[in-house]
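Report on the following structure.
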Amino acid sequence: PMLTTFDANDTSVACMRRERSNTPLQALTLLNDPVFFEAAQALGQRMSEQGKDLRAQIRHGFERCVSRPASNAEIDRLAKLYNIQKKLIDDTPQSAEKISGKKEATPHQAALITLARVMLNLDEAITRE
């Protein structure tokens with residue numbers, strides 16, 4: 001089903017170039033499928049290992065997702081989203097554990113995982129050329 005959702009070709013036939021498409025089902029799969037959630041958790045962990053600077057953490061995650069440096073405007077938007085998510089997680093501490101899957105998770109780590117989910121769901125990350 002996932003191959004169909006992402007318009008993958010038949011795996012028994014060679015294909016030189018895949019057609020680009022983006023459907024709402026792709027976005028739902030990227031946000032809700034356990035495989036992609038685990039990928040976001042791993043990316044969030046890697047982002048948190050980039051030191052204490054939030055902008056450097058965002059820059060690292062963005063480059064991993066879309067294979068290009070983020071502009072300052074993109075980093076600013078993602079930092080704003082991070083702050084919103086961190087405040088929500090601070091208000092409900094048990095959500096950090098649910099998002100990260102770890103009891104010792106901090107709100108910072110959980111907010112980075114939320115950012116990773118967003119970055120993995122960017123159109124540019126889904127439909128690379």
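Lettering and numbering for the structure tokens are positional, with chains as A, B, ... in the shown order, residues counted from 1 in each chain, and ligands counted from 1 in the shown order.
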
With a distance cut-off of 12 Å and only C-alpha atoms, select the neighbouring residues of region 92-99 of chain A, excluding the residue or stretch itself and same-chain residues fewer than 2 positions from it, and output the selection as a ChimeraX atom specification. /A:34,37-38,40-42,44-45,85-90,101-117

Would you mind exporting C-alpha atoms of the selected residues as a PDB file, in the first residue's frame?
ATOM      1  CA  PRO A  34       5.129   4.382  12.483  1.00  0.00           C
ATOM      2  CA  PHE A  37       7.521   8.630  13.058  1.00  0.00           C
ATOM      3  CA  GLU A  38      10.567   6.573  14.046  1.00  0.00           C
ATOM      4  CA  ALA A  40      11.565  11.675  12.808  1.00  0.00           C
ATOM      5  CA  GLN A  41      12.596  10.483  16.272  1.00  0.00           C
ATOM      6  CA  ALA A  42      16.027   9.488  14.940  1.00  0.00           C
ATOM      7  CA  GLY A  44      15.381  14.734  16.157  1.00  0.00           C
ATOM      8  CA  GLN A  45      18.008  12.862  18.159  1.00  0.00           C
ATOM      9  CA  GLN A  85       5.749  23.275  20.145  1.00  0.00           C
ATOM     10  CA  LYS A  86       8.085  23.544  23.131  1.00  0.00           C
ATOM     11  CA  LYS A  87       5.556  25.699  24.981  1.00  0.00           C
ATOM     12  CA  LEU A  88       2.813  23.141  24.295  1.00  0.00           C
ATOM     13  CA  ILE A  89       5.069  20.323  25.488  1.00  0.00           C
ATOM     14  CA  ASP A  90       6.094  22.314  28.584  1.00  0.00           C
ATOM     15  CA  GLY A 101       9.280   7.244  23.226  1.00  0.00           C
ATOM     16  CA  LYS A 102      11.710   7.745  26.136  1.00  0.00           C
ATOM     17  CA  LYS A 103      10.922   8.451  29.787  1.00  0.00           C
ATOM     18  CA  GLU A 104      13.916  10.734  30.229  1.00  0.00           C
ATOM     19  CA  ALA A 105      13.082  12.909  27.206  1.00  0.00           C
ATOM     20  CA  THR A 106      13.196  16.654  27.616  1.00  0.00           C
ATOM     21  CA  PRO A 107      10.713  19.086  26.084  1.00  0.00           C
ATOM     22  CA  HIS A 108      13.577  20.316  23.890  1.00  0.00           C
ATOM     23  CA  GLN A 109      14.127  16.851  22.422  1.00  0.00           C
ATOM     24  CA  ALA A 110      10.403  16.342  21.865  1.00  0.00           C
ATOM     25  CA  ALA A 111      10.084  19.715  20.120  1.00  0.00           C
ATOM     26  CA  LEU A 112      13.003  18.805  17.841  1.00  0.00           C
ATOM     27  CA  ILE A 113      11.237  15.554  16.929  1.00  0.00           C
ATOM     28  CA  THR A 114       8.141  17.572  16.063  1.00  0.00           C
ATOM     29  CA  LEU A 115      10.286  19.803  13.835  1.00  0.00           C
ATOM     30  CA  ALA A 116      11.807  16.724  12.215  1.00  0.00           C
ATOM     31  CA  ARG A 117       8.298  15.454  11.393  1.00  0.00           C
TER      32      ARG A 117
END

task: Name all residues at most 9 Å from region 53-63 of chain A (count only C-alpha atoms; drop same-chain ones fewer than 6 positions away) and give them as number ranges by chain.
output: A: 43-44, 46-47, 69-71, 75-76, 78-79, 112, 115-116, 119-120

Output all heavy atoms for every residue in that selection, as an mmCIF file, in the first residue's frame.
data_model
loop_
_atom_site.group_PDB
_atom_site.id
_atom_site.type_symbol
_atom_site.label_atom_id
_atom_site.label_comp_id
_atom_site.auth_asym_id
_atom_site.auth_seq_id
_atom_site.Cartn_x
_atom_site.Cartn_y
_atom_site.Cartn_z
ATOM 1 N N LEU A 43 15.925 11.485 13.552
ATOM 2 C CA LEU A 43 16.429 12.772 13.067
ATOM 3 C C LEU A 43 16.444 13.799 14.196
ATOM 4 O O LEU A 43 17.412 14.557 14.338
ATOM 5 C CB LEU A 43 15.583 13.280 11.887
ATOM 6 C CG LEU A 43 15.990 14.633 11.313
ATOM 7 C CD1 LEU A 43 17.430 14.616 10.804
ATOM 8 C CD2 LEU A 43 15.028 15.030 10.201
ATOM 9 N N GLY A 44 15.405 13.826 15.015
ATOM 10 C CA GLY A 44 15.381 14.734 16.157
ATOM 11 C C GLY A 44 16.534 14.480 17.104
ATOM 12 O O GLY A 44 17.155 15.412 17.625
ATOM 13 N N ARG A 46 19.467 13.190 16.248
ATOM 14 C CA ARG A 46 20.689 13.681 15.581
ATOM 15 C C ARG A 46 20.779 15.197 15.637
ATOM 16 O O ARG A 46 21.861 15.755 15.779
ATOM 17 C CB ARG A 46 20.733 13.203 14.133
ATOM 18 C CG ARG A 46 21.007 11.696 14.056
ATOM 19 C CD ARG A 46 21.259 11.236 12.678
ATOM 20 N NE ARG A 46 22.560 11.733 12.233
ATOM 21 C CZ ARG A 46 23.027 11.570 11.003
ATOM 22 N NH1 ARG A 46 22.315 10.907 10.111
ATOM 23 N NH2 ARG A 46 24.193 12.041 10.650
ATOM 24 N N MET A 47 19.620 15.850 15.525
ATOM 25 C CA MET A 47 19.610 17.313 15.622
ATOM 26 C C MET A 47 20.050 17.760 17.008
ATOM 27 O O MET A 47 20.809 18.727 17.139
ATOM 28 C CB MET A 47 18.209 17.856 15.300
ATOM 29 C CG MET A 47 17.821 17.711 13.838
ATOM 30 S SD MET A 47 16.059 17.977 13.551
ATOM 31 C CE MET A 47 15.856 19.692 14.014
ATOM 32 N N PRO A 69 21.299 23.898 2.039
ATOM 33 C CA PRO A 69 21.271 24.743 3.241
ATOM 34 C C PRO A 69 19.938 25.489 3.359
ATOM 35 O O PRO A 69 19.338 25.868 2.352
ATOM 36 C CB PRO A 69 22.416 25.732 3.028
ATOM 37 C CG PRO A 69 23.230 25.176 1.919
ATOM 38 C CD PRO A 69 22.332 24.304 1.103
ATOM 39 N N ALA A 70 19.499 25.691 4.577
ATOM 40 C CA ALA A 70 18.270 26.448 4.825
ATOM 41 C C ALA A 70 18.564 27.938 4.761
ATOM 42 O O ALA A 70 19.633 28.391 5.170
ATOM 43 C CB ALA A 70 17.717 26.099 6.198
ATOM 44 N N SER A 71 17.606 28.696 4.243
ATOM 45 C CA SER A 71 17.739 30.152 4.255
ATOM 46 C C SER A 71 17.444 30.647 5.672
ATOM 47 O O SER A 71 16.864 29.936 6.489
ATOM 48 C CB SER A 71 16.759 30.779 3.262
ATOM 49 O OG SER A 71 15.429 30.628 3.739
ATOM 50 N N ILE A 75 14.879 29.074 8.536
ATOM 51 C CA ILE A 75 15.300 28.774 9.909
ATOM 52 C C ILE A 75 14.445 29.547 10.903
ATOM 53 O O ILE A 75 14.033 29.009 11.939
ATOM 54 C CB ILE A 75 16.798 29.064 10.094
ATOM 55 C CG1 ILE A 75 17.628 28.071 9.277
ATOM 56 C CG2 ILE A 75 17.188 28.987 11.573
ATOM 57 C CD1 ILE A 75 19.109 28.359 9.259
ATOM 58 N N ASP A 76 14.154 30.815 10.585
ATOM 59 C CA ASP A 76 13.313 31.630 11.470
ATOM 60 C C ASP A 76 11.933 31.010 11.645
ATOM 61 O O ASP A 76 11.404 30.951 12.758
ATOM 62 C CB ASP A 76 13.179 33.062 10.938
ATOM 63 C CG ASP A 76 14.480 33.845 11.014
ATOM 64 O OD1 ASP A 76 15.394 33.437 11.776
ATOM 65 O OD2 ASP A 76 14.589 34.866 10.310
ATOM 66 N N LEU A 78 11.048 27.841 11.215
ATOM 67 C CA LEU A 78 11.156 26.596 11.964
ATOM 68 C C LEU A 78 11.453 26.857 13.438
ATOM 69 O O LEU A 78 10.949 26.140 14.312
ATOM 70 C CB LEU A 78 12.209 25.689 11.335
ATOM 71 C CG LEU A 78 11.806 25.095 9.982
ATOM 72 C CD1 LEU A 78 13.006 24.464 9.283
ATOM 73 C CD2 LEU A 78 10.685 24.082 10.147
ATOM 74 N N ALA A 79 12.231 27.886 13.735
ATOM 75 C CA ALA A 79 12.499 28.241 15.134
ATOM 76 C C ALA A 79 11.219 28.722 15.816
ATOM 77 O O ALA A 79 10.973 28.398 16.987
ATOM 78 C CB ALA A 79 13.583 29.316 15.208
ATOM 79 N N LEU A 112 12.169 19.074 19.018
ATOM 80 C CA LEU A 112 13.003 18.805 17.841
ATOM 81 C C LEU A 112 12.427 17.662 17.011
ATOM 82 O O LEU A 112 12.474 17.698 15.776
ATOM 83 C CB LEU A 112 14.439 18.475 18.260
ATOM 84 C CG LEU A 112 15.295 19.646 18.720
ATOM 85 C CD1 LEU A 112 16.668 19.147 19.171
ATOM 86 C CD2 LEU A 112 15.435 20.700 17.641
ATOM 87 N N LEU A 115 9.711 19.092 14.988
ATOM 88 C CA LEU A 115 10.286 19.803 13.835
ATOM 89 C C LEU A 115 10.746 18.824 12.760
ATOM 90 O O LEU A 115 10.558 19.078 11.568
ATOM 91 C CB LEU A 115 11.495 20.637 14.269
ATOM 92 C CG LEU A 115 11.266 22.018 14.806
ATOM 93 C CD1 LEU A 115 12.599 22.707 15.052
ATOM 94 C CD2 LEU A 115 10.406 22.842 13.900
ATOM 95 N N ALA A 116 11.348 17.725 13.181
ATOM 96 C CA ALA A 116 11.807 16.724 12.215
ATOM 97 C C ALA A 116 10.627 16.166 11.431
ATOM 98 O O ALA A 116 10.732 15.950 10.214
ATOM 99 C CB ALA A 116 12.549 15.597 12.940
ATOM 100 N N MET A 119 9.812 18.747 8.821
ATOM 101 C CA MET A 119 10.815 18.814 7.751
ATOM 102 C C MET A 119 10.757 17.594 6.839
ATOM 103 O O MET A 119 10.943 17.719 5.627
ATOM 104 C CB MET A 119 12.212 18.996 8.343
ATOM 105 C CG MET A 119 12.410 20.371 8.940
ATOM 106 S SD MET A 119 14.101 20.702 9.471
ATOM 107 C CE MET A 119 14.132 19.878 11.037
ATOM 108 N N LEU A 120 10.490 16.424 7.400
ATOM 109 C CA LEU A 120 10.354 15.234 6.567
ATOM 110 C C LEU A 120 9.113 15.282 5.690
ATOM 111 O O LEU A 120 9.014 14.563 4.701
ATOM 112 C CB LEU A 120 10.316 13.974 7.447
ATOM 113 C CG LEU A 120 11.644 13.572 8.072
ATOM 114 C CD1 LEU A 120 11.430 12.502 9.132
ATOM 115 C CD2 LEU A 120 12.615 13.106 7.005
#

Between CA of Ala125 (chain A) and CA of Arg64 (chain A) lies a distance of 9.3 Å

Students should find that CA of Val66 (chain A) and CA of Ser12 (chain A) are spaced 28.5 Å

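Picture a line from CA of Asn121 (chain A) to CA of Gly51 (chain A); it runs 24.3 Å.
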
* Using the chain letters and numbers from this document, which residues of region 26-111 of chain A does DSSP assign to alpha helix (DSSP H), as a PyMOL selection string? -> chain A and resi 26-32+34-48+54-66+72-91+94-100+107-111
